[in-house]
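I have placed the structure first, in the form of structure tokens, so that the comments after it can refer back to it.
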Amino acid sequence: MQKKIITIAFASILIAVAINGFIIPLHLLNGGFWGISILAHYLWGYKIALTFACLNIPIYLIALKYNNVFFFNGLLGTCFVTVATDLLSPLQHMINLSFFTSIILGSIILGMGVGLMLKFHTSPGGMDLLALMLSKWFKINVGLIIFTLDLLIIASGVILLQDEKIFYSLIIVSMVGIITMMMTSIKSIIFE
């Protein structure tokens with residue numbers, strides 16, 4: 001259990017660094033409920049971590065009804081990542097790399113954070129938790145489910161923000177999906 005908590009905390013920091021240090025400064029989106037939360041921040045100035053926590057409530061009610069383990073693991077992951085994202089929000093003004101370097105580095109860090117959590121059957125919340133449940137029910141790779149849902153969020157962002165730059169978010173979603181699929185598919189002594 002201690003190894004799981006340490007891994008979740010580390011993964012949460014990775015996710016928070018990627019979101020605050022690389023995605024938001026470029027005015028791009030992520031997928032999932034983070035993407036929706038970031039989009040609400042861009043459109044209406046909502047606090048990202050608080051919006052994310054609120055969006056998770058219906059998913060946790062579903063998880064509580066169908067699978068207590070997913071509920072508790074997801075709640076743990078969401079609490080850690082929400083707090084980390086809020087605490088590390090000053091990074092939004094501290095990292096200044098080139099556009100494509102930020103996209104690539106941010107995607108790798110984010111994918112590793114999400115992949116680590118999912119490897120330990122924990123979710124950083126939201127659609128990742130929903131994808132984890134769907135993966136178990138339908139025997140589909142969790143990374144593939146996340147990738148599909150993320151594409152829908154990015155398409156919504158392009159339409160609502162009417163900014164062609166949002167298309168670059170597809171690189172983030174693609175890389176995070178690929179890294180997540182690799183991390184959840186490959187058996188490793190490091191993660192087991």
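Here's how to read the names in the structure tokens: chain A, B, ... by the order shown, residue numbers from 1 in each chain, ligand numbers from 1 in the order shown.
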* Tell me, as a ChimeraX atom specification, which residues lie within 12 Å of Ser107 of chain A, counting only C-alpha atoms; anything in the same chain fewer than 6 positions away does not count. => /A:14-19,21-23,28-31,100-101,113-115,168-180
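Of the residues listed (A:Ile140, A:Met1, A:Leu105, A:Ile153), A:Ile153 shows the shortest atom-to-atom separation from Ile166 of chain A; distances use only C-alpha atoms.
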* Mind checking DSSP for segment 36-178 of chain A and telling me the alpha helix (DSSP H) residues as a VMD selection string? -> chain A and resid 36 to 44 48 to 66 68 to 87 99 to 119 127 to 138 142 to 161 169 to 178
* Rank A:Asp150, A:Leu50, A:Ile36, A:Phe120 by their smallest atom-to-atom distance to Lys3 of chain A, using only C-alpha atoms, and report the top residue only. => A:Phe120
